[in-house]
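One file, work13.cif, is given below (mmCIF, C-alpha atoms).
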data_start
loop_
_atom_site.label_atom_id
_atom_site.label_comp_id
_atom_site.auth_asym_id
_atom_site.auth_seq_id
_atom_site.Cartn_x
_atom_site.Cartn_y
_atom_site.Cartn_z
CA MET U 229 0.00 0.00 0.00
CA THR U 230 1.24 3.44 -0.80
CA THR U 231 0.56 6.21 1.63
CA ASP U 232 -0.78 9.49 0.39
CA ILE U 233 2.20 11.65 1.17
CA GLU U 234 -0.03 14.50 2.23
CA ASP U 235 -0.91 12.34 5.25
CA THR U 236 2.57 12.86 6.60
CA VAL U 237 2.42 16.61 6.63
CA ALA U 238 1.75 17.85 10.13
CA PRO U 239 1.80 21.61 9.85
CA GLY U 240 2.99 23.61 12.81
CA ILE U 241 4.65 20.72 14.60
CA GLU U 242 8.35 21.25 15.00
CA PRO U 243 10.62 18.25 14.34
CA ALA U 244 11.70 17.80 17.96
CA LEU U 245 8.09 17.31 19.03
CA ARG U 246 7.37 15.15 16.02
CA ALA U 247 10.29 12.87 16.99
CA GLU U 248 9.08 12.69 20.58
CA ALA U 249 5.57 11.79 19.43
CA LEU U 250 6.81 9.06 17.12
CA GLU U 251 9.04 7.66 19.84
CA SER U 252 6.25 7.54 22.41
CA LEU U 253 3.88 5.79 19.99
CA LEU U 254 6.38 3.05 19.20
CA LEU U 255 7.63 2.68 22.77
CA GLU U 256 4.19 2.19 24.30
CA ARG U 257 3.48 -0.66 21.89
CA GLY U 258 6.82 -2.29 22.66
CA LEU U 259 7.94 -2.00 19.03
CA ILE U 260 11.18 -0.26 20.00
CA ASP U 261 13.11 0.14 23.24
CA THR U 262 15.09 3.03 24.69
CA LYS U 263 18.27 0.99 25.09
CA THR U 264 18.57 0.36 21.35
CA ILE U 265 17.92 4.01 20.61
CA GLU U 266 20.67 4.99 23.05
CA THR U 267 23.07 2.47 21.54
CA PHE U 268 22.51 3.75 18.00
CA ILE U 269 23.04 7.34 19.07
CA ARG U 270 26.09 6.68 21.22
CA THR U 271 27.75 4.58 18.51
CA TYR U 272 27.63 7.37 15.97
CA GLU U 273 28.42 10.09 18.51
CA THR U 274 31.53 8.46 19.88
CA ALA U 275 32.78 5.27 18.21
CA VAL U 276 32.27 5.85 14.50
CA GLY U 277 33.62 9.00 12.90
CA PRO U 278 36.38 10.52 10.74
CA MET U 279 39.02 9.49 13.27
CA ASN U 280 38.59 5.96 11.87
CA GLY U 281 39.31 7.03 8.30
CA ALA U 282 42.25 9.11 9.53
CA LYS U 283 43.83 5.93 10.93
CA VAL U 284 43.42 4.22 7.55
CA VAL U 285 45.06 7.14 5.75
CA ALA U 286 47.95 7.46 8.21
CA LYS U 287 48.66 3.74 7.93
CA ALA U 288 48.66 3.95 4.14
CA TRP U 289 51.09 6.89 4.30
CA THR U 290 53.56 4.96 6.44
CA ASP U 291 53.17 1.38 5.24
CA PRO U 292 53.58 0.88 1.44
CA GLU U 293 52.37 -2.72 1.63
CA TYR U 294 49.16 -1.65 3.37
CA LYS U 295 48.66 1.14 0.86
CA ARG U 296 48.91 -1.31 -2.02
CA TRP U 297 46.32 -3.56 -0.36
CA LEU U 298 44.06 -0.62 0.44
CA LEU U 299 43.96 0.56 -3.19
CA GLU U 300 43.46 -3.00 -4.43
CA ASP U 301 40.86 -4.21 -1.92
CA GLY U 302 39.59 -1.32 0.18
CA THR U 303 36.95 -3.37 1.99
CA ALA U 304 39.44 -5.95 3.28
CA ALA U 305 42.22 -3.50 4.14
CA ILE U 306 39.84 -1.18 6.01
CA GLY U 307 38.10 -4.14 7.65
CA SER U 308 41.46 -5.37 8.96
CA LEU U 309 41.54 -2.27 11.20
CA GLY U 310 38.08 -3.16 12.53
CA PHE U 311 36.10 -0.66 10.47
CA LYS U 312 33.08 -2.32 8.88
CA GLY U 313 29.31 -2.17 9.05
CA PRO U 314 26.37 -0.39 7.43
CA GLN U 315 27.26 1.93 4.55
CA GLY U 316 30.65 0.28 4.19
CA GLU U 317 29.77 -2.99 2.50
CA HIS U 318 32.06 -2.42 -0.47
CA MET U 319 34.77 0.19 -0.08
CA VAL U 320 36.81 1.67 -2.90
CA VAL U 321 39.78 3.87 -2.03
CA VAL U 322 40.90 6.42 -4.61
CA GLU U 323 44.29 8.13 -4.38
CA ASN U 324 44.91 11.82 -4.84
CA THR U 325 48.26 12.68 -6.43
CA PRO U 326 49.85 15.85 -7.82
CA THR U 327 48.10 15.09 -11.13
CA VAL U 328 44.78 13.43 -10.14
CA HIS U 329 42.22 14.84 -7.72
CA ASN U 330 39.22 12.74 -6.62
CA VAL U 331 36.11 14.10 -4.94
CA VAL U 332 33.04 12.19 -3.70
CA VAL U 333 29.33 13.07 -3.65
CA CYS U 334 25.91 11.45 -3.61
CA THR U 335 23.58 13.48 -5.82
CA LEU U 336 20.50 11.29 -5.14
CA CYS U 337 20.61 11.28 -1.33
CA SER U 338 23.67 11.58 0.89
CA CYS U 339 25.36 8.17 0.74
CA TYR U 340 28.56 8.31 2.78
CA PRO U 341 31.05 5.70 4.09
CA TRP U 342 29.85 5.51 7.68
CA PRO U 343 32.40 3.03 9.13
CA VAL U 344 35.35 5.27 8.17
CA LEU U 345 33.85 8.77 8.25
CA GLY U 346 30.78 8.52 10.49
CA LEU U 347 27.59 10.35 9.57
CA PRO U 348 27.79 12.97 6.83
CA PRO U 349 28.38 16.62 7.80
CA SER U 350 25.87 19.30 6.79
CA TRP U 351 27.91 20.64 3.86
CA TYR U 352 27.96 17.18 2.24
CA LYS U 353 24.14 17.01 2.43
CA ASP U 354 23.64 20.58 1.17
CA PRO U 355 21.73 20.98 -2.12
CA ALA U 356 24.41 23.38 -3.43
CA TYR U 357 27.14 20.75 -3.00
CA ARG U 358 25.03 17.88 -4.33
CA SER U 359 23.92 19.79 -7.42
CA ARG U 360 27.13 21.64 -8.30
CA VAL U 361 30.03 19.29 -7.73
CA VAL U 362 29.19 16.94 -10.62
CA LYS U 363 28.96 19.89 -13.03
CA GLU U 364 31.56 22.37 -11.80
CA PRO U 365 33.89 20.53 -9.42
CA ARG U 366 36.76 22.98 -9.82
CA ALA U 367 34.55 25.93 -8.96
CA VAL U 368 33.23 24.08 -5.89
CA LEU U 369 36.71 23.17 -4.69
CA ALA U 370 38.00 26.70 -5.32
CA GLU U 371 35.12 28.15 -3.31
CA TRP U 372 36.32 26.05 -0.37
CA GLY U 373 39.90 27.21 -0.91
CA THR U 374 41.20 24.26 -2.93
CA GLU U 375 42.79 25.60 -6.11
CA LEU U 376 43.74 22.96 -8.65
CA GLY U 377 46.16 23.63 -11.51
CA PRO U 378 44.91 23.25 -15.09
CA ASP U 379 47.02 20.12 -15.54
CA VAL U 380 45.27 18.27 -12.68
CA GLU U 381 42.71 15.69 -13.75
CA VAL U 382 39.50 15.96 -11.71
CA ARG U 383 37.49 12.81 -10.99
CA VAL U 384 34.07 13.06 -9.36
CA HIS U 385 32.54 9.91 -7.86
CA ASP U 386 28.74 9.97 -7.55
CA SER U 387 27.79 7.26 -5.02
CA SER U 388 24.89 5.77 -6.97
CA SER U 389 25.14 2.14 -5.75
CA GLU U 390 26.25 0.55 -2.46
CA VAL U 391 29.91 1.14 -3.37
CA ARG U 392 31.34 3.72 -0.96
CA TYR U 393 34.41 5.84 -1.65
CA LEU U 394 37.23 7.03 0.57
CA VAL U 395 39.78 9.49 -0.81
CA LEU U 396 43.39 8.84 0.14
CA PRO U 397 44.74 12.40 0.29
CA GLU U 398 48.32 13.40 -0.49
CA ARG U 399 50.68 13.32 2.46
CA PRO U 400 51.75 16.90 3.11
CA ALA U 401 55.37 17.96 2.89
CA GLY U 402 57.35 18.34 6.10
CA THR U 403 55.79 15.32 7.80
CA GLU U 404 58.65 12.87 7.21
CA SER U 405 59.54 12.52 10.89
CA MET U 406 55.99 12.21 12.17
CA SER U 407 54.62 8.97 13.62
CA GLU U 408 51.55 7.20 12.27
CA GLU U 409 49.54 8.48 15.20
CA GLU U 410 50.70 12.06 14.72
CA LEU U 411 49.88 11.84 11.03
CA ALA U 412 46.36 10.60 11.80
CA GLY U 413 45.88 13.79 13.78
CA LEU U 414 46.41 15.85 10.62
CA VAL U 415 43.87 14.04 8.44
CA THR U 416 40.52 15.80 8.12
CA ARG U 417 37.07 14.62 7.07
CA ASP U 418 36.94 17.10 4.17
CA ALA U 419 40.24 15.76 2.78
CA MET U 420 38.90 12.19 2.86
CA VAL U 421 35.87 13.31 0.81
CA GLY U 422 38.27 15.19 -1.47
CA VAL U 423 37.04 18.76 -1.11
CA ARG U 424 40.25 19.92 0.58
CA LYS U 425 43.85 18.80 0.90
CA VAL U 426 45.54 17.86 4.16
CA ALA U 427 47.35 20.95 5.37
CA ALA U 428 51.02 20.75 6.36
CA PRO U 429 51.49 20.93 10.14
CA MET V 160 8.72 10.70 -15.17
CA LYS V 161 9.06 14.19 -13.73
CA ASP V 162 12.37 14.86 -12.02
CA ARG V 163 11.84 15.07 -8.32
CA VAL V 164 13.53 17.18 -5.70
CA HIS V 165 16.01 14.55 -4.49
CA ASP V 166 17.66 14.10 -7.89
CA MET V 167 19.88 17.17 -7.59
CA GLY V 168 22.94 16.53 -9.77
CA GLY V 169 23.65 19.45 -12.10
CA ARG V 170 20.31 21.16 -11.54
CA ASP V 171 20.70 24.94 -11.61
CA ARG V 172 17.76 25.53 -9.30
CA PHE V 173 19.84 24.18 -6.40
CA PHE V 174 23.01 26.08 -7.33
CA GLY V 175 24.07 28.66 -4.81
CA PRO V 176 26.85 29.46 -2.38
CA LEU V 177 28.31 26.51 -0.51
CA PRO V 178 27.88 26.40 3.25
CA PRO V 179 31.02 26.84 5.36
CA ILE V 180 32.91 23.71 6.41
CA ASP V 181 33.11 23.33 10.18
CA PRO V 182 35.80 20.68 10.77
CA ASP V 183 34.47 20.08 14.27
CA GLU V 184 30.81 19.67 13.30
CA LYS V 185 29.17 17.10 15.55
CA PRO V 186 27.11 14.22 14.13
CA PHE V 187 23.93 15.68 15.64
CA PRO V 188 24.07 19.46 16.06
CA HIS V 189 20.62 19.35 17.72
CA GLU V 190 19.57 16.68 20.18
CA TRP V 191 16.33 15.81 18.39
CA GLU V 192 18.36 14.91 15.30
CA SER V 193 19.98 12.02 17.14
CA LYS V 194 16.54 10.74 18.07
CA ALA V 195 15.29 11.14 14.50
CA PHE V 196 18.31 9.19 13.24
CA ALA V 197 17.73 6.25 15.59
CA LEU V 198 13.95 6.29 15.09
CA ALA V 199 14.27 6.23 11.31
CA LEU V 200 16.58 3.21 11.41
CA LEU V 201 14.21 1.46 13.79
CA ALA V 202 11.14 2.42 11.74
CA ASN V 203 12.76 0.55 8.87
CA ARG V 204 12.89 -2.61 10.97
CA VAL V 205 9.48 -2.20 12.55
CA SER V 206 7.79 -1.65 9.20
CA GLY V 207 9.55 -4.56 7.49
CA ALA V 208 11.17 -2.22 4.98
CA ASN V 209 14.68 -2.21 3.52
CA LEU V 210 17.30 0.40 2.64
CA HIS V 211 15.80 0.99 -0.81
CA ALA V 212 12.26 1.39 0.49
CA PHE V 213 13.68 3.84 3.03
CA ARG V 214 15.33 5.91 0.30
CA HIS V 215 12.16 5.70 -1.75
CA ALA V 216 10.18 6.99 1.24
CA ILE V 217 12.62 9.92 1.60
CA GLU V 218 12.04 10.68 -2.08
CA ARG V 219 8.28 10.79 -1.46
CA VAL V 220 8.58 13.38 1.29
CA PRO V 221 6.86 16.56 0.04
CA GLU V 222 9.37 19.05 -1.32
CA PRO V 223 9.15 21.68 1.43
CA ASP V 224 9.73 19.02 4.09
CA TYR V 225 12.52 17.44 2.03
CA LEU V 226 14.33 20.76 1.72
CA SER V 227 13.82 21.73 5.35
CA GLY V 228 16.70 19.47 6.41
CA TYR V 229 18.27 16.03 6.44
CA TYR V 230 16.84 14.62 9.64
CA GLU V 231 13.53 16.38 8.96
CA ARG V 232 13.19 14.21 5.87
CA TRP V 233 14.39 11.11 7.72
CA LEU V 234 11.68 11.66 10.27
CA ALA V 235 9.04 12.17 7.58
CA SER V 236 10.16 9.04 5.76
CA ALA V 237 9.99 7.02 8.98
CA GLU V 238 6.34 8.06 9.24
CA ILE V 239 5.70 7.14 5.61
CA LEU V 240 7.12 3.63 6.15
CA LEU V 241 5.07 3.13 9.30
CA LEU V 242 1.90 4.32 7.58
CA ASP V 243 2.58 2.19 4.49
CA SER V 244 2.91 -0.96 6.59
CA GLY V 245 -0.11 -0.18 8.74
CA VAL V 246 1.90 0.08 11.94
CA LEU V 247 0.61 3.61 12.47
CA ALA V 248 -2.68 5.19 11.48
CA PRO V 249 -2.74 8.38 9.40
CA GLY V 250 -2.67 11.34 11.75
CA ALA V 251 -1.34 9.32 14.69
CA VAL V 252 1.93 11.22 15.03
CA GLU V 253 0.26 14.59 14.74
CA ALA V 254 -2.38 13.67 17.32
CA ARG V 255 0.25 12.38 19.76
CA ALA V 256 2.36 15.50 19.26
CA ARG V 257 -0.59 17.73 20.04
CA ARG V 258 -1.42 15.72 23.14
CA LEU V 259 2.20 16.04 24.27
CA ARG V 260 1.73 19.77 23.81
CA GLY V 261 -1.25 19.65 26.15
CA GLU V 262 -4.09 19.76 23.62
CA ASP V 263 -7.11 17.57 24.12
CA VAL V 264 -7.28 15.62 20.85
CA GLU V 265 -8.47 12.15 20.08
CA GLU V 266 -5.91 9.67 18.76
CA PRO V 267 -6.70 7.25 15.94
CA ALA V 268 -6.71 3.56 16.83
CA ALA V 269 -3.73 1.52 15.68
CA PRO V 270 -4.66 -0.20 12.41
CA GLU V 271 -3.93 -3.79 11.48
CA ALA V 272 -0.32 -4.04 10.32
CA HIS V 273 0.30 -5.41 6.83
CA LYS V 274 4.05 -5.49 6.47
CA PRO V 275 5.63 -6.28 3.11
CA ASP V 276 6.80 -9.84 2.71
CA MET V 277 9.71 -10.04 0.32
CA PRO V 278 12.12 -12.97 0.38
CA SER V 279 15.65 -11.83 1.14
CA GLY V 280 18.91 -13.35 0.01
CA GLY V 281 20.51 -12.37 3.30
CA GLY V 282 21.81 -9.36 5.14
CA GLY V 283 23.25 -6.35 3.36
CA ASN V 284 22.96 -5.61 -0.34
CA LEU V 285 25.78 -7.51 -2.00
CA ARG V 286 24.81 -10.70 -3.81
CA THR V 287 26.40 -13.30 -6.05
CA VAL V 288 25.02 -13.11 -9.57
CA ASP V 289 25.00 -16.41 -11.46
CA GLN V 290 24.91 -15.21 -15.04
CA PRO V 291 28.11 -13.75 -16.50
CA PRO V 292 28.42 -9.96 -16.73
CA ALA V 293 27.09 -8.47 -19.96
CA PHE V 294 29.83 -5.85 -20.14
CA ALA V 295 33.59 -5.80 -19.65
CA VAL V 296 36.10 -3.15 -18.66
CA GLY V 297 36.71 -0.91 -21.66
CA ASP V 298 33.24 -1.35 -23.16
CA ALA V 299 31.37 1.75 -24.29
CA VAL V 300 27.89 1.72 -22.75
CA THR V 301 24.85 3.98 -23.02
CA THR V 302 22.48 4.53 -20.13
CA ARG V 303 18.72 4.24 -20.49
CA ALA V 304 17.03 7.48 -21.44
CA GLU V 305 13.75 6.64 -19.72
CA MET V 306 13.20 5.33 -16.23
CA ARG V 307 9.97 3.63 -15.40
CA ALA V 308 10.53 2.60 -11.78
CA PRO V 309 9.33 4.95 -9.05
CA HIS V 310 12.72 4.53 -7.35
CA THR V 311 15.95 4.22 -9.30
CA ARG V 312 19.65 4.88 -8.85
CA LEU V 313 20.32 6.33 -12.28
CA PRO V 314 20.41 10.11 -11.80
CA ALA V 315 18.54 12.23 -14.37
CA TYR V 316 21.73 13.98 -15.49
CA ALA V 317 23.27 10.66 -16.55
CA ARG V 318 20.34 9.30 -18.58
CA GLY V 319 20.85 8.60 -22.26
CA ARG V 320 24.62 9.22 -21.96
CA THR V 321 27.54 7.19 -23.19
CA GLY V 322 30.53 6.30 -21.03
CA THR V 323 33.19 3.65 -20.53
CA VAL V 324 33.13 0.73 -18.11
CA THR V 325 36.14 0.99 -15.79
CA ALA V 326 35.39 -1.70 -13.19
CA LEU V 327 33.04 -4.54 -12.37
CA ARG V 328 31.76 -4.21 -8.79
CA PRO V 329 30.13 -6.96 -6.68
CA GLY V 330 26.55 -7.87 -7.58
CA HIS V 331 23.89 -5.85 -5.74
CA VAL V 332 20.22 -6.12 -4.86
CA LEU V 333 18.37 -4.08 -7.52
CA PRO V 334 17.05 -0.94 -5.77
CA ASP V 335 14.30 -0.40 -8.36
CA THR V 336 12.48 -3.61 -7.40
CA ALA V 337 13.51 -3.93 -3.74
CA ALA V 338 12.19 -0.45 -2.97
CA ILE V 339 8.68 -1.53 -3.88
CA PHE V 340 9.05 -5.05 -2.44
CA ILE V 341 8.80 -6.88 -5.77
CA GLY V 342 12.04 -8.76 -5.18
CA GLU V 343 15.81 -8.48 -4.98
CA TYR V 344 16.66 -9.35 -8.59
CA PRO V 345 20.44 -9.04 -7.98
CA GLN V 346 22.44 -7.58 -10.85
CA HIS V 347 26.01 -6.84 -11.82
CA VAL V 348 27.12 -3.29 -11.05
CA TYR V 349 29.67 -1.41 -13.16
CA SER V 350 31.70 1.70 -12.56
CA VAL V 351 31.20 3.83 -15.65
CA ASP V 352 33.24 6.94 -16.47
CA PHE V 353 31.58 9.83 -18.27
CA THR V 354 33.36 12.88 -19.59
CA SER V 355 31.93 16.18 -18.41
CA ARG V 356 31.49 17.13 -22.06
CA GLU V 357 29.23 14.11 -22.61
CA LEU V 358 27.15 15.05 -19.57
CA TRP V 359 27.05 18.84 -19.83
CA GLY V 360 28.09 19.82 -23.33
CA ASP V 361 31.06 21.48 -24.95
CA GLY V 362 31.56 24.33 -22.52
CA ALA V 363 31.81 22.03 -19.49
CA GLU V 364 34.67 22.19 -17.01
CA PRO V 365 37.04 19.33 -17.88
CA ALA V 366 36.39 16.43 -15.48
CA THR V 367 35.42 12.78 -15.32
CA VAL V 368 32.29 11.73 -13.45
CA THR V 369 32.10 8.10 -12.31
CA LEU V 370 28.79 6.43 -11.49
CA ASP V 371 28.17 2.89 -10.27
CA LEU V 372 25.36 1.57 -12.44
CA PHE V 373 23.18 -1.52 -12.49
CA GLU V 374 23.33 -3.76 -15.55
CA SER V 375 19.70 -3.10 -16.55
CA TYR V 376 20.43 0.63 -16.73
CA LEU V 377 22.94 0.00 -19.52
CA LYS V 378 23.17 -1.15 -23.12
CA LYS V 379 26.13 -1.48 -25.46
CA ALA V 380 26.84 1.87 -27.13
CA GLU V 381 25.99 1.96 -30.83
#

So, in terms of structure tokens, how does the structure I just supplied come out?
Amino acid sequence: MTTDIEDTVAPGIEPALRAEALESLLLERGLIDTKTIETFIRTYETAVGPMNGAKVVAKAWTDPEYKRWLLEDGTAAIGSLGFKGPQGEHMVVVENTPTVHNVVVCTLCSCYPWPVLGLPPSWYKDPAYRSRVVKEPRAVLAEWGTELGPDVEVRVHDSSSEVRYLVLPERPAGTESMSEEELAGLVTRDAMVGVRKVAAP
Amino acid sequence: MKDRVHDMGGRDRFFGPLPPIDPDEKPFPHEWESKAFALALLANRVSGANLHAFRHAIERVPEPDYLSGYYERWLASAEILLLDSGVLAPGAVEARARRLRGEDVEEPAAPEAHKPDMPSGGGGNLRTVDQPPAFAVGDAVTTRAEMRAPHTRLPAYARGRTGTVTALRPGHVLPDTAAIFIGEYPQHVYSVDFTSRELWGDGAEPATVTLDLFESYLKKAE
């Protein structure tokens, strides 16, 4: 059965109240429980986030064998660090170099590699980003301060299936003496989506 | 089929300044958003839906609600799934919300649930496909110009365009059929590269756009 979508419109009810109402309806019938709700929330508030992807990137920067594996079989190499789960069923890692720049989007919704980056930030879900980056990626990147030379090949990945992308950013200069852990501290969420580069320390 | 709000790629009406990037943005800037997130995932389970039906429900959220925000549309889609499966009665959420606000309103009785019953090949969305892939790396392929399914993963901007297969991905549940509970019909999925000129015309910024496309979206280029 298909619901008449107008049935869902509840004018004048703010989302916080709407969420509370939905929760109370399902709780009182025993269809959901508060513990599961808490677990879902806590997982994505604390355990799953861009710090996971940063570990993957730092390891790839310091371990050539791991990097080879990561580019060949992203799912297995990422899974070996314990990062797997919903929205990470099949991971593909794409490498940024001085001549190739990759950037990731989902124009149809906001598909995002949860196990390595957590839930998507607001800019990734914004209509301006979703509409523009497939058509004018250089302009989008420049607006966020990422200027690419004319000789750089730009590759945009629109996440239209269950394949999820992680960008392996370039390791910045001047980081030769840094440890894997210190390097992970430099890696940002935006660089792993490909909208910015990792800044030198 | 008319292009709907969610299919945003390349559409000028959504062009505008980008929001600032806050590197420290939290997963849930407002507390209710965390609740909406968990409730939407649970509504999927409770209503017997799947990921594709969930996305399809988000796509059916009326445009003003869709554009009001990410978790606003998740919340609305959770309600759609629960109404579709007869877990909740129309108007139930609104009535409960008004009661919570102190109004004296009558609540509709819970209807008889009629959850979808679609056989599943297992957890997740990756599946083994028995028949050999129709296309190989290097093949030129053209995407379908028309889409008939109410939910599909071929964006409007990439319809009727020709690109090159660059990789064969694992087989996937077909979203077009799973979203409406007809069946999983697993298919091969291909990464296909399109030049920006093919997608947007001669004046386009030079770039390559890669999409991961289901076999039935594609035919050999003529």

For this session: Taking the file as shown, find all residues satisfying the PyMOL selection byres ((chain V and resi 363-367) around 10) and write them as number ranges by chain.
Result: U: 329-330, 362-367, 378, 380-385; V: 322, 351-362, 368-370

Spell out the residues picked by the PyMOL selection byres ((chain V and resi 197) around 12) here, as a compact mmCIF listing (two decimals) with C-alpha atoms, in the coordinates of the input.
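Output contents, as saved in out-v8.txt:
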# COMPACT_ATOMS: atom_id res chain seq x y z
CA ALA U 247 10.29 12.87 16.99
CA GLU U 248 9.08 12.69 20.58
CA LEU U 250 6.81 9.06 17.12
CA GLU U 251 9.04 7.66 19.84
CA ILE U 260 11.18 -0.26 20.00
CA ASP U 261 13.11 0.14 23.24
CA THR U 262 15.09 3.03 24.69
CA LYS U 263 18.27 0.99 25.09
CA THR U 264 18.57 0.36 21.35
CA ILE U 265 17.92 4.01 20.61
CA GLU U 266 20.67 4.99 23.05
CA THR U 267 23.07 2.47 21.54
CA PHE U 268 22.51 3.75 18.00
CA ILE U 269 23.04 7.34 19.07
CA ARG U 270 26.09 6.68 21.22
CA THR U 271 27.75 4.58 18.51
CA TYR U 272 27.63 7.37 15.97
CA GLU U 273 28.42 10.09 18.51
CA PHE V 187 23.93 15.68 15.64
CA GLU V 190 19.57 16.68 20.18
CA TRP V 191 16.33 15.81 18.39
CA GLU V 192 18.36 14.91 15.30
CA SER V 193 19.98 12.02 17.14
CA LYS V 194 16.54 10.74 18.07
CA ALA V 195 15.29 11.14 14.50
CA PHE V 196 18.31 9.19 13.24
CA LEU V 198 13.95 6.29 15.09
CA ALA V 199 14.27 6.23 11.31
CA LEU V 200 16.58 3.21 11.41
CA LEU V 201 14.21 1.46 13.79
CA ALA V 202 11.14 2.42 11.74
CA ASN V 203 12.76 0.55 8.87
CA ARG V 204 12.89 -2.61 10.97
CA TYR V 230 16.84 14.62 9.64
CA TRP V 233 14.39 11.11 7.72
CA LEU V 234 11.68 11.66 10.27
CA ALA V 237 9.99 7.02 8.98

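Across the structure, atom CA of Ala315 of chain V and atom CA of Val361 of chain U are spaced 15.0 Å apart.
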
For this session: Determine the residue set returned by the PyMOL selection byres ((chain V and resi 181) around 9) for the present structure, and present it as a ChimeraX atom specification.
Result: /U:349-351 /V:179-180,182-184

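Note that atom CA of Pro334 of chain V and atom CA of Leu313 of chain V are 10.3 Å apart.
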
Problem set entry | Using all atoms listed in the file: which of U:Tyr393, U:Tyr294, U:Trp342, U:Tyr357 has the shortest distance to chain V |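 Answer, going by the shortest atom-to-atom distance: U:Tyr357.
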
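Checking U:Gly316, U:Gly310, U:Pro341, U:Pro355 one by one against chain V, counting only C-alpha atoms, you find the shortest gap at U:Pro355.
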
Problem set entry | Atomic separation - atom CA of Arg424 of chain U relative to atom CA of Val331 of chain U, Å | 9.0 Å

Problem set entry | Non-local contacts of Arg214 of chain V (9 Å; all atoms listed in the file; under 3 positions in same chain excluded) as a ChimeraX atom specification | /U:337 /V:209-211,217-219,236,310,338

Quick one: write out the picked residues with C-alpha atoms as a compact mmCIF listing (two decimals), in the coordinates of the input?
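Just written: out.txt:
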# COMPACT_ATOMS: atom_id res chain seq x y z
CA CYS U 337 20.61 11.28 -1.33
CA ASN V 209 14.68 -2.21 3.52
CA LEU V 210 17.30 0.40 2.64
CA HIS V 211 15.80 0.99 -0.81
CA ILE V 217 12.62 9.92 1.60
CA GLU V 218 12.04 10.68 -2.08
CA ARG V 219 8.28 10.79 -1.46
CA SER V 236 10.16 9.04 5.76
CA HIS V 310 12.72 4.53 -7.35
CA ALA V 338 12.19 -0.45 -2.97

As lines of an AutoDock Vina configuration file, please report the centre and edge lengths, rounded to one decimal in Å, of the axis-aligned box that holds all listed atoms of segment 304-316 of chain V with 4 Å of padding on each of the six sides.
center_x = 15.5
center_y = 8.3
center_z = -14.4
size_x = 20.4
size_y = 19.4
size_z = 22.1

For this session: Would you list the residues near (3.9, 15.5, 17.3), meaning any protein, DNA or RNA residue with an atom at most 10 Å from that point in file coordinates, counting all atoms listed in the file, as a ChimeraX atom specification?
Result: /U:238-252 /V:250-260

Exercise. Counting all atoms listed in the file, which of V:Ala295, V:Val348, V:Ala304, V:Leu241 gets nearest to Arg320 of chain V?
Worked result: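 Between V:Ala295, V:Val348, V:Ala304, V:Leu241, the residue approaching Arg320 of chain V most closely is V:Ala304.
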
For this session: Show which residues sit within 8 Å of Ala235 of chain V, as a VMD selection string. Count only C-alpha atoms, and ignore same-chain residues fewer than 3 positions away.
Result: (chain U and resid 236) or (chain V and resid 217 220 224 231 to 232 238 to 239)

How would the residues just picked look written out with C-alpha atoms as an mmCIF file, keeping the file's coordinate frame?
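The resulting file, part.cif, is reproduced below:
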data_model
loop_
_atom_site.group_PDB
_atom_site.id
_atom_site.type_symbol
_atom_site.label_atom_id
_atom_site.label_comp_id
_atom_site.auth_asym_id
_atom_site.auth_seq_id
_atom_site.Cartn_x
_atom_site.Cartn_y
_atom_site.Cartn_z
ATOM 1 C CA THR U 236 2.570 12.860 6.600
ATOM 2 C CA ILE V 217 12.620 9.920 1.600
ATOM 3 C CA VAL V 220 8.580 13.380 1.290
ATOM 4 C CA ASP V 224 9.730 19.020 4.090
ATOM 5 C CA GLU V 231 13.530 16.380 8.960
ATOM 6 C CA ARG V 232 13.190 14.210 5.870
ATOM 7 C CA GLU V 238 6.340 8.060 9.240
ATOM 8 C CA ILE V 239 5.700 7.140 5.610
#

For this session: Have a look at V:Gln290, V:Asp162, V:Val246, V:Ala269 and name the one nearest to Met306 of chain V; count only C-alpha atoms.
Result: V:Asp162

Exercise. Closest to chain V among U:Pro343, U:Gly281, U:Gly422, U:Gly313, using only C-alpha atoms?
Worked result: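 Residue with the minimum atom-to-atom distance to chain V: U:Gly313.
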
Exercise. Leaving out Leu177 of chain V and any residue of its chain fewer than 4 positions from it, which residues lie within 12 Å of it when counting only C-alpha atoms, given as a VMD selection string?
Worked result: (chain U and resid 350 to 361 367 to 373 423) or (chain V and resid 173)

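You can rank U:Asn280, U:Thr290, U:Thr274, U:Thr327 by their closest distance to Leu376 of chain U using only C-alpha atoms, and at the top of that list sits U:Thr327.
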
For this session: Might you pull out every residue within 8 Å of Val415 of chain U, with all atoms listed in the file counted and same-chain residues fewer than 2 positions away left off, and present them as a PyMOL selection string?
Result: chain U and resi 282+285-286+411-413+417+419-420+426

Problem set entry | Non-local contacts of Asp289 of chain V (12 Å; all atoms listed in the file; under 6 positions in same chain excluded) as a VMD selection string | chain V and resid 329 to 330 344 to 347

Dump of C-alpha atoms for the selected residues, as a CSV table (one decimal), in the frame of the given file:
chain,number,residue,atom,x,y,z
V,329,PRO,CA,30.1,-7.0,-6.7
V,330,GLY,CA,26.6,-7.9,-7.6
V,344,TYR,CA,16.7,-9.4,-8.6
V,345,PRO,CA,20.4,-9.0,-8.0
V,346,GLN,CA,22.4,-7.6,-10.8
V,347,HIS,CA,26.0,-6.8,-11.8

For this session: Dig up all the protein and nucleic acid residues within 10 Å of (11.1, -7.5, 1.4) in the file frame, using only C-alpha atoms, and format them as a list in words.
Result: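 With a cut-off of 10 Å, the residues come to Gly207, Ala208, Asn209, His211, Ala212, Lys274, Pro275, Asp276, Met277, Pro278, Ser279, Gly280, Thr336, Ala337, Ala338, Ile339, Phe340, Ile341, Gly342 and Glu343 of chain V.
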